[in-house]
>>> print(open('entry-v8.cif').read())   # mmCIF, C-alpha atoms
data_target
loop_
_atom_site.label_atom_id
_atom_site.label_comp_id
_atom_site.auth_asym_id
_atom_site.auth_seq_id
_atom_site.Cartn_x
_atom_site.Cartn_y
_atom_site.Cartn_z
CA MET A 726 40.92 -10.18 -34.67
CA THR A 727 42.20 -9.39 -31.22
CA LEU A 728 39.85 -9.30 -28.26
CA SER A 729 40.27 -8.57 -24.59
CA ILE A 730 38.69 -11.44 -22.69
CA ASN A 731 38.56 -11.01 -18.92
CA GLY A 732 41.38 -8.52 -19.27
CA GLU A 733 43.62 -10.80 -21.37
CA ARG A 734 44.41 -10.25 -25.06
CA LYS A 735 43.38 -13.14 -27.30
CA THR A 736 43.60 -13.44 -31.07
CA PHE A 737 41.02 -15.28 -33.19
CA LYS A 738 40.91 -16.12 -36.88
CA GLY A 739 38.40 -14.24 -39.01
CA ASP A 740 36.71 -10.84 -38.73
CA THR A 741 33.46 -11.66 -37.01
CA LEU A 742 32.34 -13.91 -34.22
CA THR A 743 29.16 -14.05 -32.18
CA ILE A 744 29.23 -14.30 -28.41
CA GLN A 745 27.73 -17.77 -28.75
CA GLU A 746 30.60 -18.89 -31.00
CA LEU A 747 33.20 -17.35 -28.72
CA LEU A 748 31.82 -19.11 -25.62
CA GLU A 749 31.80 -22.44 -27.49
CA LYS A 750 35.35 -21.97 -28.74
CA MET A 751 36.54 -21.25 -25.22
CA ALA A 752 34.55 -24.12 -23.66
CA TYR A 753 32.43 -22.02 -21.33
CA GLY A 754 29.44 -23.79 -19.83
CA LYS A 755 26.29 -22.57 -18.09
CA GLY A 756 26.13 -20.37 -14.98
CA ILE A 757 27.94 -17.40 -16.51
CA ALA A 758 26.99 -13.86 -17.47
CA VAL A 759 28.56 -11.80 -20.22
CA ALA A 760 29.32 -8.10 -20.68
CA LEU A 761 30.48 -6.66 -24.00
CA ASN A 762 32.41 -3.40 -23.62
CA GLU A 763 31.11 -3.08 -20.06
CA THR A 764 27.47 -3.50 -21.14
CA PHE A 765 25.44 -6.53 -20.12
CA VAL A 766 24.38 -8.94 -22.86
CA MET A 767 21.38 -11.17 -22.16
CA LYS A 768 21.80 -14.90 -22.66
CA THR A 769 19.07 -14.86 -25.30
CA LYS A 770 21.14 -12.43 -27.40
CA TYR A 771 24.39 -14.45 -27.50
CA SER A 772 23.77 -15.92 -30.95
CA GLU A 773 22.91 -12.59 -32.56
CA THR A 774 25.50 -10.37 -30.83
CA LYS A 775 28.55 -9.88 -33.03
CA ILE A 776 31.98 -9.16 -31.67
CA LYS A 777 34.52 -7.08 -33.54
CA ASP A 778 38.23 -6.44 -33.31
CA GLY A 779 39.23 -4.60 -30.13
CA ASP A 780 36.08 -5.50 -28.17
CA ARG A 781 36.31 -6.16 -24.46
CA ILE A 782 34.41 -9.14 -23.11
CA ASP A 783 33.90 -10.02 -19.46
CA ILE A 784 32.65 -13.47 -18.51
CA LEU A 785 31.60 -13.77 -14.87
CA SER A 786 30.47 -16.59 -12.61
CA PRO A 787 29.41 -16.96 -8.95
CA VAL A 788 32.01 -16.60 -6.22
CA GLN A 789 32.08 -15.98 -2.47
CA GLY A 790 30.93 -12.54 -1.39
CA GLY A 791 30.19 -10.48 1.66
CA MET B 1395 11.39 -15.82 21.08
CA LYS B 1396 8.01 -14.48 20.13
CA SER B 1397 6.75 -16.97 17.60
CA ASN B 1398 5.05 -14.28 15.52
CA ASP B 1399 8.17 -12.11 15.18
CA LEU B 1400 8.76 -12.97 11.55
CA TRP B 1401 10.76 -10.51 9.51
CA GLU B 1402 9.23 -9.24 6.30
CA LEU B 1403 11.93 -8.12 3.93
CA GLU B 1404 11.23 -7.14 0.33
CA GLU B 1405 7.95 -9.06 0.39
CA LYS B 1406 9.46 -12.28 1.74
CA GLU B 1407 9.23 -13.62 5.28
CA PHE B 1408 12.18 -14.83 7.33
CA ASP B 1409 12.51 -16.40 10.78
CA SER B 1410 16.04 -15.00 11.17
CA ARG B 1411 17.17 -11.39 11.04
CA LEU B 1412 20.73 -12.29 10.15
CA MET B 1413 22.19 -12.03 6.65
CA ILE B 1414 25.55 -13.73 6.27
CA GLY B 1415 28.39 -13.51 3.79
CA SER B 1416 29.98 -16.50 2.06
CA ALA B 1417 33.58 -15.22 1.84
CA LEU B 1418 36.82 -15.65 3.80
CA TYR B 1419 36.04 -18.94 5.55
CA PRO B 1420 38.93 -21.35 6.18
CA SER B 1421 37.23 -23.97 3.95
CA PRO B 1422 33.99 -24.56 2.00
CA LYS B 1423 32.94 -27.10 4.65
CA ILE B 1424 33.36 -24.57 7.47
CA MET B 1425 31.45 -22.02 5.39
CA GLU B 1426 28.55 -24.41 4.98
CA GLU B 1427 28.51 -25.39 8.68
CA ALA B 1428 28.81 -21.77 9.83
CA ILE B 1429 25.96 -20.57 7.61
CA ARG B 1430 23.74 -23.37 8.92
CA ALA B 1431 24.75 -22.69 12.55
CA SER B 1432 24.00 -18.98 12.19
CA GLY B 1433 20.37 -19.69 11.35
CA ALA B 1434 20.62 -17.04 8.58
CA LYS B 1435 18.17 -17.50 5.72
CA ILE B 1436 19.89 -14.99 3.43
CA VAL B 1437 23.43 -15.41 2.09
CA THR B 1438 25.44 -12.90 0.08
CA VAL B 1439 27.37 -13.92 -3.03
CA ALA B 1440 29.32 -12.16 -5.78
CA LEU B 1441 30.40 -12.43 -9.43
CA ARG B 1442 33.97 -12.54 -10.69
CA ARG B 1443 35.75 -13.31 -13.94
CA GLN B 1444 35.78 -16.99 -14.76
CA ALA B 1445 38.71 -18.58 -16.54
CA ALA B 1446 37.96 -20.46 -19.76
CA GLY B 1447 37.70 -24.22 -19.81
CA GLU B 1448 36.19 -24.69 -16.39
CA GLY B 1449 33.01 -25.91 -18.05
CA GLU B 1450 29.95 -26.06 -15.87
CA SER B 1451 31.64 -27.05 -12.65
CA ASN B 1452 31.32 -24.45 -9.90
CA PRO B 1453 31.56 -26.25 -6.54
CA PHE B 1454 31.00 -23.03 -4.59
CA TRP B 1455 27.73 -22.27 -6.32
CA GLU B 1456 26.57 -25.89 -5.98
CA LEU B 1457 27.22 -25.69 -2.23
CA ILE B 1458 25.25 -22.44 -1.88
CA LYS B 1459 22.30 -23.90 -3.82
CA GLU B 1460 22.27 -26.90 -1.47
CA LEU B 1461 21.73 -24.56 1.49
CA ASN B 1462 18.35 -23.72 -0.06
CA ILE B 1463 18.21 -20.19 1.37
CA THR B 1464 17.69 -16.79 -0.24
CA VAL B 1465 20.64 -15.51 -2.25
CA LEU B 1466 21.56 -11.83 -2.20
CA PRO B 1467 24.15 -10.98 -4.88
CA ASN B 1468 26.36 -7.94 -4.35
CA THR B 1469 28.14 -5.52 -6.64
CA ALA B 1470 31.32 -5.55 -4.54
CA GLY B 1471 34.36 -4.02 -6.16
CA CYS B 1472 32.42 -1.62 -8.40
CA HIS B 1473 33.65 1.96 -8.39
CA THR B 1474 31.17 3.63 -10.75
CA ALA B 1475 27.40 3.58 -11.17
CA LYS B 1476 27.82 2.06 -14.64
CA GLU B 1477 29.95 -0.83 -13.35
CA ALA B 1478 27.45 -1.48 -10.57
CA ILE B 1479 24.48 -1.41 -12.96
CA THR B 1480 26.15 -3.85 -15.37
CA THR B 1481 27.16 -6.16 -12.51
CA ALA B 1482 23.63 -6.07 -11.07
CA MET B 1483 22.17 -7.06 -14.44
CA MET B 1484 24.65 -9.90 -14.80
CA ALA B 1485 23.83 -11.05 -11.25
CA ARG B 1486 20.10 -11.01 -11.94
CA GLU B 1487 20.59 -13.40 -14.84
CA VAL B 1488 23.02 -15.79 -13.12
CA PHE B 1489 21.37 -15.89 -9.69
CA GLU B 1490 17.79 -15.57 -11.00
CA THR B 1491 16.85 -12.90 -8.47
CA ASN B 1492 15.99 -9.22 -8.72
CA TRP B 1493 17.50 -8.55 -5.27
CA ILE B 1494 20.80 -6.71 -5.31
CA LYS B 1495 23.07 -5.54 -2.52
CA LEU B 1496 24.19 -2.38 -4.24
CA GLU B 1497 27.74 -1.48 -3.37
CA VAL B 1498 29.69 1.31 -5.10
CA ILE B 1499 33.01 2.05 -3.49
CA GLY B 1500 34.15 5.67 -3.34
CA ASN B 1501 37.37 5.39 -1.38
CA GLN B 1502 39.92 2.64 -1.47
CA TYR B 1503 41.31 3.27 2.03
CA ASN B 1504 38.14 2.67 4.03
CA LEU B 1505 36.00 1.20 1.22
CA GLN B 1506 33.47 3.91 1.94
CA PRO B 1507 30.39 3.78 -0.29
CA ASP B 1508 30.12 6.60 -2.84
CA PRO B 1509 26.79 8.28 -2.02
CA PHE B 1510 26.45 10.05 -5.38
CA ALA B 1511 27.10 6.95 -7.50
CA LEU B 1512 24.83 4.97 -5.18
CA VAL B 1513 21.90 7.31 -5.84
CA GLU B 1514 22.62 7.29 -9.59
CA ALA B 1515 22.74 3.48 -9.80
CA THR B 1516 19.73 3.02 -7.52
CA GLU B 1517 17.57 5.20 -9.74
CA VAL B 1518 18.42 3.15 -12.85
CA LEU B 1519 18.12 -0.25 -11.16
CA ILE B 1520 14.75 0.44 -9.55
CA LYS B 1521 13.41 1.47 -12.98
CA GLU B 1522 14.82 -1.81 -14.32
CA GLY B 1523 12.74 -3.74 -11.78
CA PHE B 1524 15.38 -4.48 -9.14
CA ARG B 1525 14.87 -4.58 -5.41
CA VAL B 1526 17.82 -2.49 -4.37
CA LEU B 1527 19.36 -2.98 -0.92
CA PRO B 1528 21.97 -0.23 -0.83
CA TYR B 1529 25.13 -0.49 1.25
CA MET B 1530 25.52 3.11 2.39
CA THR B 1531 27.14 5.46 4.86
CA ASP B 1532 25.11 6.44 7.93
CA ASP B 1533 24.02 9.74 6.34
CA LEU B 1534 20.48 10.87 7.00
CA VAL B 1535 20.08 12.88 3.79
CA LEU B 1536 21.40 10.01 1.69
CA ALA B 1537 18.86 7.76 3.41
CA GLN B 1538 16.13 10.21 2.41
CA ARG B 1539 17.28 10.30 -1.24
CA LEU B 1540 17.36 6.50 -1.47
CA ALA B 1541 13.96 6.17 0.20
CA ASP B 1542 12.55 8.78 -2.22
CA LEU B 1543 13.77 6.65 -5.13
CA GLY B 1544 11.80 3.70 -3.76
CA CYS B 1545 14.21 1.71 -1.58
CA THR B 1546 12.32 -0.02 1.23
CA THR B 1547 15.51 -1.40 2.78
CA LEU B 1548 18.60 0.60 3.69
CA MET B 1549 21.90 -0.85 4.84
CA PRO B 1550 24.10 1.76 6.57
CA TRP B 1551 27.55 0.73 7.69
CA GLY B 1552 28.46 0.22 11.33
CA SER B 1553 32.12 0.82 10.45
CA PRO B 1554 34.31 0.02 7.40
CA ILE B 1555 34.05 -3.42 5.75
CA GLY B 1556 36.17 -6.03 7.50
CA SER B 1557 37.30 -3.65 10.27
CA GLY B 1558 35.32 -5.34 13.05
CA ARG B 1559 35.12 -2.00 14.85
CA GLY B 1560 31.43 -2.25 15.72
CA LEU B 1561 29.13 0.75 15.59
CA MET B 1562 31.26 3.87 15.04
CA ASN B 1563 28.38 6.27 15.25
CA PRO B 1564 25.33 4.97 17.11
CA TYR B 1565 23.84 8.47 17.12
CA ASN B 1566 23.60 8.54 13.31
CA LEU B 1567 22.12 5.05 13.17
CA LYS B 1568 19.59 5.97 15.84
CA THR B 1569 18.63 9.11 13.93
CA ILE B 1570 18.05 7.16 10.71
CA ARG B 1571 15.92 4.69 12.70
CA LYS B 1572 13.82 7.51 14.16
CA GLN B 1573 13.35 9.27 10.85
CA PHE B 1574 12.43 6.12 8.91
CA PRO B 1575 10.30 3.98 11.22
CA ASN B 1576 8.76 2.03 8.33
CA LEU B 1577 11.86 1.09 6.34
CA ASN B 1578 13.84 -2.07 6.90
CA LEU B 1579 17.16 -0.97 8.35
CA ILE B 1580 20.11 -3.33 8.40
CA VAL B 1581 23.58 -2.65 9.79
CA ASP B 1582 25.90 -3.87 7.06
CA ALA B 1583 29.66 -4.00 7.65
CA GLY B 1584 31.82 -3.40 10.67
CA ILE B 1585 30.20 -5.83 13.10
CA GLY B 1586 33.06 -7.49 14.99
CA LYS B 1587 31.40 -9.45 17.78
CA PRO B 1588 27.92 -10.52 18.90
CA SER B 1589 27.57 -7.63 21.37
CA ASP B 1590 27.94 -5.19 18.42
CA ALA B 1591 24.99 -6.91 16.78
CA ILE B 1592 22.99 -6.73 19.99
CA GLU B 1593 23.71 -3.01 20.23
CA ALA B 1594 22.40 -2.46 16.69
CA MET B 1595 19.29 -4.52 17.32
CA GLU B 1596 18.66 -2.61 20.56
CA LEU B 1597 18.75 0.61 18.54
CA GLY B 1598 15.75 -0.82 16.71
CA PHE B 1599 17.52 -2.04 13.59
CA ASP B 1600 15.67 -4.80 11.76
CA GLY B 1601 18.62 -6.96 10.83
CA ILE B 1602 22.37 -7.41 10.53
CA LEU B 1603 24.55 -8.31 7.56
CA LEU B 1604 27.97 -9.63 8.46
CA ASN B 1605 30.73 -11.85 7.12
CA SER B 1606 34.23 -11.34 8.58
CA ALA B 1607 33.07 -11.49 12.22
CA VAL B 1608 32.12 -15.14 11.67
CA ALA B 1609 34.54 -16.21 8.93
CA LEU B 1610 37.62 -14.81 10.68
CA ALA B 1611 36.69 -15.93 14.21
CA GLN B 1612 38.94 -18.53 15.80
CA GLU B 1613 35.99 -20.95 15.68
CA PRO B 1614 33.71 -19.73 12.87
CA VAL B 1615 30.92 -22.28 13.43
CA MET B 1616 30.73 -21.52 17.16
CA MET B 1617 30.77 -17.77 16.46
CA ALA B 1618 27.98 -18.19 13.91
CA GLU B 1619 25.86 -19.74 16.64
CA ALA B 1620 26.80 -16.92 19.03
CA PHE B 1621 25.47 -14.43 16.46
CA LYS B 1622 22.26 -16.41 16.09
CA TYR B 1623 21.53 -15.91 19.79
CA ALA B 1624 22.79 -12.32 19.76
CA LEU B 1625 20.27 -11.37 17.08
CA GLN B 1626 17.46 -13.02 19.02
CA SER B 1627 18.60 -11.41 22.27
CA GLY B 1628 18.95 -7.94 20.77
CA ARG B 1629 15.59 -8.15 19.04
CA LEU B 1630 13.80 -9.32 22.21
CA SER B 1631 15.54 -6.61 24.22
CA TYR B 1632 14.32 -3.97 21.76
CA LEU B 1633 10.77 -5.28 21.81
CA ALA B 1634 10.75 -5.56 25.60
CA GLY B 1635 11.96 -1.99 26.09
CA ARG B 1636 14.74 -1.20 28.48
CA MET B 1637 14.29 0.32 31.98
CA GLN B 1638 14.84 4.02 32.47
CA LYS B 1639 18.34 5.03 33.49
CA ARG B 1640 18.70 6.73 36.87
CA ASP B 1641 21.43 8.93 38.27
CA MET B 1642 21.16 7.43 41.75
CA ALA B 1643 21.23 3.87 43.05
CA SER B 1644 17.89 2.33 43.95
CA PRO B 1645 17.87 -0.89 46.02
CA SER B 1646 16.31 -3.87 44.31
CA THR B 1647 15.92 -5.91 47.51
CA PRO B 1648 12.96 -4.76 49.68
CA THR B 1649 14.09 -2.43 52.52
CA VAL B 1650 11.09 -3.24 54.74
CA GLY B 1651 12.14 -5.74 57.40
CA THR B 1652 15.87 -5.27 56.90
CA PRO B 1653 17.56 -6.99 59.93
CA PHE B 1654 20.10 -5.30 62.21
CA TRP B 1655 18.55 -1.92 61.33
CA HIS B 1656 19.30 0.53 64.14
CA GLN B 1657 16.20 2.60 63.67
CA PHE B 1658 16.35 4.20 67.17
CA GLU B 1659 19.92 5.46 66.93
#
>>> encode(input="entry-v8.cif", output="structure tokens")
Amino acid sequence: MTLSINGERKTFKGDTLTIQELLEKMAYGKGIAVALNETFVMKTKYSETKIKDGDRIDILSPVQGG
Amino acid sequence: MKSNDLWELEEKEFDSRLMIGSALYPSPKIMEEAIRASGAKIVTVALRRQAAGEGESNPFWELIKELNITVLPNTAGCHTAKEAITTAMMAREVFETNWIKLEVIGNQYNLQPDPFALVEATEVLIKEGFRVLPYMTDDLVLAQRLADLGCTTLMPWGSPIGSGRGLMNPYNLKTIRKQFPNLNLIVDAGIGKPSDAIEAMELGFDGILLNSAVALAQEPVMMAEAFKYALQSGRLSYLAGRMQKRDMASPSTPTVGTPFWHQFE
């Protein structure tokens, strides 16, 4: 399946993936927050939230701000 | 400084009325030194996309945590209420705070806040348990709408973000102050130099949020200290109450006993 991750197209084997599995595959650590199709997903829901082909995922972390 | 002049903001107490941004400094070290020199106890931060594979290392965030001051995340860069709401929720989880500097941009040229989207997002976020500190234009009716929704802090702009133009419309700021004596009012954006901050504090504003004025100064750490004193000076000046203006001169030195006075001429 093809996903948009932080605005970039990425292809993964298989039809389903949870957010938890995706973050592990991509070696993301702690201190991040995730949105699936522009909707926030709580950390506690990563392992039960399934991603499907065409989904857009944003993975954010702290940066400088004014 | 009056020792009992602590600032109560969103049910927390602070000994500084300055809120400072963490962006645009020449280096992380200068950022850290400037924030410390400013005396600010609140620092603004943001969220952006993180590339894969960076693991758990985030030197910026580690540095901010070491400062051990209150963190105020923003929703900078959001152009719709939905984007701002999602960003606020993500910020609450990452930064472990329900405070949010709500920013929804309505115009790309002057980065003017969108008043309609601001009201829409504020309504949702307050219901979700956030303490919303909205970055807004200096519009009295907008201030009323946000206060009606439950905001206890409002942050009207002095002038556009990063412009350093100071207070474009002191009359509007003064009017908001008069109409909302019990809200915390902060001038956010547009402050270019310490005297701009003093002017805002003398209008009776409760605090100042700034970033570029310090980060882009020739000597950011020195300028941060200048702002520390400006905030104290402006606050004291407001509390002390200025003298009445007069149309005519009035001598300050006693006139009785003036020498060489030709009183019989």
>>> resolve_selection(input="entry-v8.cif", expression="the PyMOL selection byres ((chain B) within 8 of (chain A))", output="ChimeraX atom specification")
/B:1414-1418,1438-1450,1452,1454-1455,1467-1468,1470,1477,1480-1481,1483-1485,1487-1488,1604-1605
>>> resolve_selection(input="entry-v8.cif", expression="the PyMOL selection byres ((chain B and resi 1464) around 6)", output="list in words")
Ile1436, Ile1463 and Val1465 of chain B
>>> closest_residue(input="entry-v8.cif", among="B:Ile1458, B:Val1518, B:Val1526, B:Leu1412", to="Ala1594 in chain B", atoms="all atoms listed in the file")
B:Leu1412
>>> resolve_selection(input="entry-v8.cif", expression="the PyMOL selection byres ((chain B and resi 1494) around 9)", output="number ranges by chain")
B: 1466-1469, 1482, 1485-1486, 1491-1493, 1495-1497, 1524-1528
>>> axis_aligned_box(input="entry-v8.cif", around="range 1601-1613 of chain B", padding_each_side="5 Å", output="AutoDock Vina command-line options")
--center_x 28.8 --center_y -14.0 --center_z 11.5 --size_x 30.3 --size_y 24.0 --size_z 18.7
>>> atom_distance(input="entry-v8.cif", atom1="CA of Glu1596 in chain B", atom2="CA of Asp1533 in chain B")
19.6 Å
>>> closest_residue(input="entry-v8.cif", among="B:Gly1601, B:Leu1534, B:Leu1505, B:Leu1579", to="Gly1556 in chain B", atoms="only C-alpha atoms")
B:Leu1505
>>> closest_residue(input="entry-v8.cif", among="A:Thr727, A:Leu761, A:Leu742, A:Leu747", to="Lys775 in chain A", atoms="all atoms listed in the file")
A:Leu742
>>> atom_distance(input="entry-v8.cif", atom1="CA of Glu1619 in chain B", atom2="CA of Met1595 in chain B")
16.6 Å
>>> atom_distance(input="entry-v8.cif", atom1="CA of Leu1540 in chain B", atom2="CA of Val1437 in chain B")
23.0 Å
>>> residues_around(input="entry-v8.cif", residues="Ser1627 in chain B", least_positions_apart="5", cutoff="10 Å", atoms="only C-alpha atoms", output="PDB file with C-alpha atoms, in the coordinates of the input")
ATOM      1  CA  MET B1395      11.390 -15.820  21.080  1.00  0.00           C
ATOM      2  CA  PRO B1588      27.920 -10.520  18.900  1.00  0.00           C
ATOM      3  CA  SER B1589      27.570  -7.630  21.370  1.00  0.00           C
ATOM      4  CA  ALA B1591      24.990  -6.910  16.780  1.00  0.00           C
ATOM      5  CA  ILE B1592      22.990  -6.730  19.990  1.00  0.00           C
ATOM      6  CA  MET B1595      19.290  -4.520  17.320  1.00  0.00           C
ATOM      7  CA  GLU B1596      18.660  -2.610  20.560  1.00  0.00           C
ATOM      8  CA  PHE B1621      25.470 -14.430  16.460  1.00  0.00           C
ATOM      9  CA  LYS B1622      22.260 -16.410  16.090  1.00  0.00           C
ATOM     10  CA  TYR B1632      14.320  -3.970  21.760  1.00  0.00           C
ATOM     11  CA  LEU B1633      10.770  -5.280  21.810  1.00  0.00           C
TER      12      LEU B1633
END
>>> residues_around(input="entry-v8.cif", residues="Met726 in chain A", least_positions_apart="4", cutoff="12 Å", atoms="only C-alpha atoms", output="ChimeraX atom specification")
/A:734-742,776-781
>>> residues_around(input="entry-v8.cif", residues="Gln1502 in chain B", least_positions_apart="5", cutoff="10 Å", atoms="all atoms listed in the file", output="list in words")
Gly1471, His1473 and Pro1507 of chain B
>>> closest_residue(input="entry-v8.cif", among="B:Pro1509, B:Gly1598, B:Gly1584, B:Pro1645", to="Gly1552 in chain B", atoms="all atoms listed in the file")
B:Gly1584
>>> build_atoms(input="entry-v8.cif", residues="range 732-753 of chain A", atoms="N, CA and C atoms", output="PDB file, in the frame of the given file")
ATOM      1  N   GLY A 732      40.160  -9.309 -19.457  1.00  0.00           N
ATOM      2  CA  GLY A 732      41.380  -8.520 -19.270  1.00  0.00           C
ATOM      3  C   GLY A 732      42.607  -9.058 -19.977  1.00  0.00           C
ATOM      4  N   GLU A 733      42.467 -10.236 -20.662  1.00  0.00           N
ATOM      5  CA  GLU A 733      43.620 -10.800 -21.370  1.00  0.00           C
ATOM      6  C   GLU A 733      43.418 -10.705 -22.882  1.00  0.00           C
ATOM      7  N   ARG A 734      44.509 -10.362 -23.601  1.00  0.00           N
ATOM      8  CA  ARG A 734      44.410 -10.250 -25.060  1.00  0.00           C
ATOM      9  C   ARG A 734      44.402 -11.637 -25.688  1.00  0.00           C
ATOM     10  N   LYS A 735      43.449 -11.847 -26.604  1.00  0.00           N
ATOM     11  CA  LYS A 735      43.380 -13.140 -27.300  1.00  0.00           C
ATOM     12  C   LYS A 735      43.105 -12.873 -28.783  1.00  0.00           C
ATOM     13  N   THR A 736      43.782 -13.649 -29.633  1.00  0.00           N
ATOM     14  CA  THR A 736      43.600 -13.440 -31.070  1.00  0.00           C
ATOM     15  C   THR A 736      42.819 -14.603 -31.673  1.00  0.00           C
ATOM     16  N   PHE A 737      41.855 -14.262 -32.532  1.00  0.00           N
ATOM     17  CA  PHE A 737      41.020 -15.280 -33.190  1.00  0.00           C
ATOM     18  C   PHE A 737      41.091 -15.083 -34.700  1.00  0.00           C
ATOM     19  N   LYS A 738      40.928 -16.192 -35.414  1.00  0.00           N
ATOM     20  CA  LYS A 738      40.910 -16.120 -36.880  1.00  0.00           C
ATOM     21  C   LYS A 738      39.591 -15.512 -37.333  1.00  0.00           C
ATOM     22  N   GLY A 739      39.618 -14.801 -38.440  1.00  0.00           N
ATOM     23  CA  GLY A 739      38.400 -14.240 -39.010  1.00  0.00           C
ATOM     24  C   GLY A 739      38.108 -12.846 -38.478  1.00  0.00           C
ATOM     25  N   ASP A 740      37.043 -12.218 -39.079  1.00  0.00           N
ATOM     26  CA  ASP A 740      36.710 -10.840 -38.730  1.00  0.00           C
ATOM     27  C   ASP A 740      35.505 -10.728 -37.815  1.00  0.00           C
ATOM     28  N   THR A 741      34.644 -11.737 -37.870  1.00  0.00           N
ATOM     29  CA  THR A 741      33.460 -11.660 -37.010  1.00  0.00           C
ATOM     30  C   THR A 741      33.276 -12.962 -36.245  1.00  0.00           C
ATOM     31  N   LEU A 742      32.587 -12.793 -35.118  1.00  0.00           N
ATOM     32  CA  LEU A 742      32.340 -13.910 -34.220  1.00  0.00           C
ATOM     33  C   LEU A 742      31.128 -13.485 -33.393  1.00  0.00           C
ATOM     34  N   THR A 743      30.231 -14.424 -33.113  1.00  0.00           N
ATOM     35  CA  THR A 743      29.160 -14.050 -32.180  1.00  0.00           C
ATOM     36  C   THR A 743      29.606 -14.449 -30.782  1.00  0.00           C
ATOM     37  N   ILE A 744      28.892 -13.930 -29.793  1.00  0.00           N
ATOM     38  CA  ILE A 744      29.230 -14.300 -28.410  1.00  0.00           C
ATOM     39  C   ILE A 744      29.051 -15.802 -28.220  1.00  0.00           C
ATOM     40  N   GLN A 745      27.996 -16.323 -28.828  1.00  0.00           N
ATOM     41  CA  GLN A 745      27.730 -17.770 -28.750  1.00  0.00           C
ATOM     42  C   GLN A 745      28.935 -18.573 -29.247  1.00  0.00           C
ATOM     43  N   GLU A 746      29.453 -18.173 -30.409  1.00  0.00           N
ATOM     44  CA  GLU A 746      30.600 -18.890 -31.000  1.00  0.00           C
ATOM     45  C   GLU A 746      31.843 -18.761 -30.132  1.00  0.00           C
ATOM     46  N   LEU A 747      32.043 -17.574 -29.578  1.00  0.00           N
ATOM     47  CA  LEU A 747      33.200 -17.350 -28.720  1.00  0.00           C
ATOM     48  C   LEU A 747      33.156 -18.243 -27.482  1.00  0.00           C
ATOM     49  N   LEU A 748      31.958 -18.301 -26.840  1.00  0.00           N
ATOM     50  CA  LEU A 748      31.820 -19.110 -25.620  1.00  0.00           C
ATOM     51  C   LEU A 748      32.055 -20.588 -25.930  1.00  0.00           C
ATOM     52  N   GLU A 749      31.582 -21.038 -27.103  1.00  0.00           N
ATOM     53  CA  GLU A 749      31.800 -22.440 -27.490  1.00  0.00           C
ATOM     54  C   GLU A 749      33.266 -22.722 -27.748  1.00  0.00           C
ATOM     55  N   LYS A 750      33.921 -21.810 -28.455  1.00  0.00           N
ATOM     56  CA  LYS A 750      35.350 -21.970 -28.740  1.00  0.00           C
ATOM     57  C   LYS A 750      36.172 -22.076 -27.459  1.00  0.00           C
ATOM     58  N   MET A 751      35.754 -21.290 -26.455  1.00  0.00           N
ATOM     59  CA  MET A 751      36.540 -21.250 -25.220  1.00  0.00           C
ATOM     60  C   MET A 751      36.033 -22.219 -24.155  1.00  0.00           C
ATOM     61  N   ALA A 752      35.071 -23.066 -24.539  1.00  0.00           N
ATOM     62  CA  ALA A 752      34.550 -24.120 -23.660  1.00  0.00           C
ATOM     63  C   ALA A 752      33.942 -23.588 -22.355  1.00  0.00           C
ATOM     64  N   TYR A 753      33.183 -22.497 -22.491  1.00  0.00           N
ATOM     65  CA  TYR A 753      32.430 -22.020 -21.330  1.00  0.00           C
ATOM     66  C   TYR A 753      31.121 -22.784 -21.238  1.00  0.00           C
TER      67      TYR A 753
END
